[in-house]
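J.: Here's a structure for you.
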Amino acid sequence: MQFRKYVSSDIDEIAKLFYDTVHTVNAADYTAAQLDAWAPRDLDAKLWDESLKRHFSLVAEDEGKIVGFGDIDESGYLDRLYVRADYIDKGVGKALLARLEDAVRGDITTHASVTARAFFEKAGYSVVRRQTVERRGELLTNFVMKKTR
């Protein structure tokens with residue numbers, strides 16, 4: 001397993017990983033319509049690329065394929081952290097999270113899905129509040145979580 005900084009040429013593989021992961025891993029906690037709203041097939045790759053380049057963004061690779069990615073901004077907002085379904089519980093998410101956290105100072109905040117809440121709690125995050133967000137006309141529940149350092 002290797003970890004490296006994100007580059008623009010990763011965007012297509014990352015978009016596919018994001019779509020596949022959300023539609024597989026989160027399927028037990030969200031409806032099909034919610035999953036489609038959260039992770040649409042027509043993801044704006046240019047917008048995502050620009051965002052990932054603005055943030056400290058990492059990818060995890062195994063045997064030449066991207067198996068996870070995440071990004072954090074300088075304020076300590078952890079925007080995305082996704083791992084391929086077949087790499088869940090293999091330490092990829094934990095290793096990515098540690099590297100992202102090390103890139104910033106101070107407290108870290110994230111908006112965790114119902115599915116990811118337990119992962120973040122194990123990593124020392126606490127729920128600040130439960131919230132409902134709108135994506136493409138669908139309402140999704142997630143949690144504002146914070147790690148105080």
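Each chain in the structure tokens gets a letter, A, B, ..., in the order shown, and its residues are numbered from 1; ligands are numbered from 1 in order too.
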Do a neighbour search on Lys146 of chain A at 10 Å with only C-alpha atoms, toss out local chain neighbours closer than 6 positions, and write the hits as an NGL selection string.
T.: :A and (76-78 or 107-112 or 120-121 or 124-129)
J.: To test your reading of the structure, identify every residue in segment 21-135 of chain A that backbone DSSP assigns to helix (DSSP H, G or I), and report it as a count of residues only.
T.: 42
J.: Counting only C-alpha atoms, what is within 8 Å of segment 97-103 of chain A, bar same-chain residues fewer than 4 positions away, as a list in words?
T.: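 So the residues in contact are Phe56, Ser57, Leu58, Gly70, Asp71, Ile72, Gly76, Leu78, Leu81, Gly93 and Ile108 of chain A.
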J.: A:Val133, A:Ala116, A:Ile11, A:Val144: which is nearest Lys53 of chain A, counting only C-alpha atoms?
T.: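 Looking at the shortest contact to Lys53 of chain A, the residue is A:Ile11.
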J.: Give the strand (DSSP E or B) residues of chain A, as DSSP finds them on the backbone, and put them as a ChimeraX atom specification.
T.: /A:2-5,56-62,65-72,77-83,108-113,126-135,138-147
J.: Would you work out the distance separating atom CA of Ala60 of chain A from atom CA of Val83 of chain A, expressed in Å to one decimal?
T.: 8.6 Å
J.: Out of A:Ala85, A:Ala39, A:Gln131, A:Lys122, which residue has the shortest atom-to-atom distance to Val25 of chain A when counting only C-alpha atoms?
T.: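 Among the listed residues, the smallest separation from Val25 of chain A belongs to A:Ala85.
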J.: Would you pick out the contacts of Phe3 of chain A at 10 Å or less, using only C-alpha atoms, so that residues sharing its chain but fewer than 2 positions from it are not included, and give the list as a list in words?
T.: Met1, Lys5, Tyr6, Leu58, Val59, Ala60, Glu61, Asp62, Ile66, Gly68, Phe69, Val92, Ala95, Leu96 and Arg99 of chain A
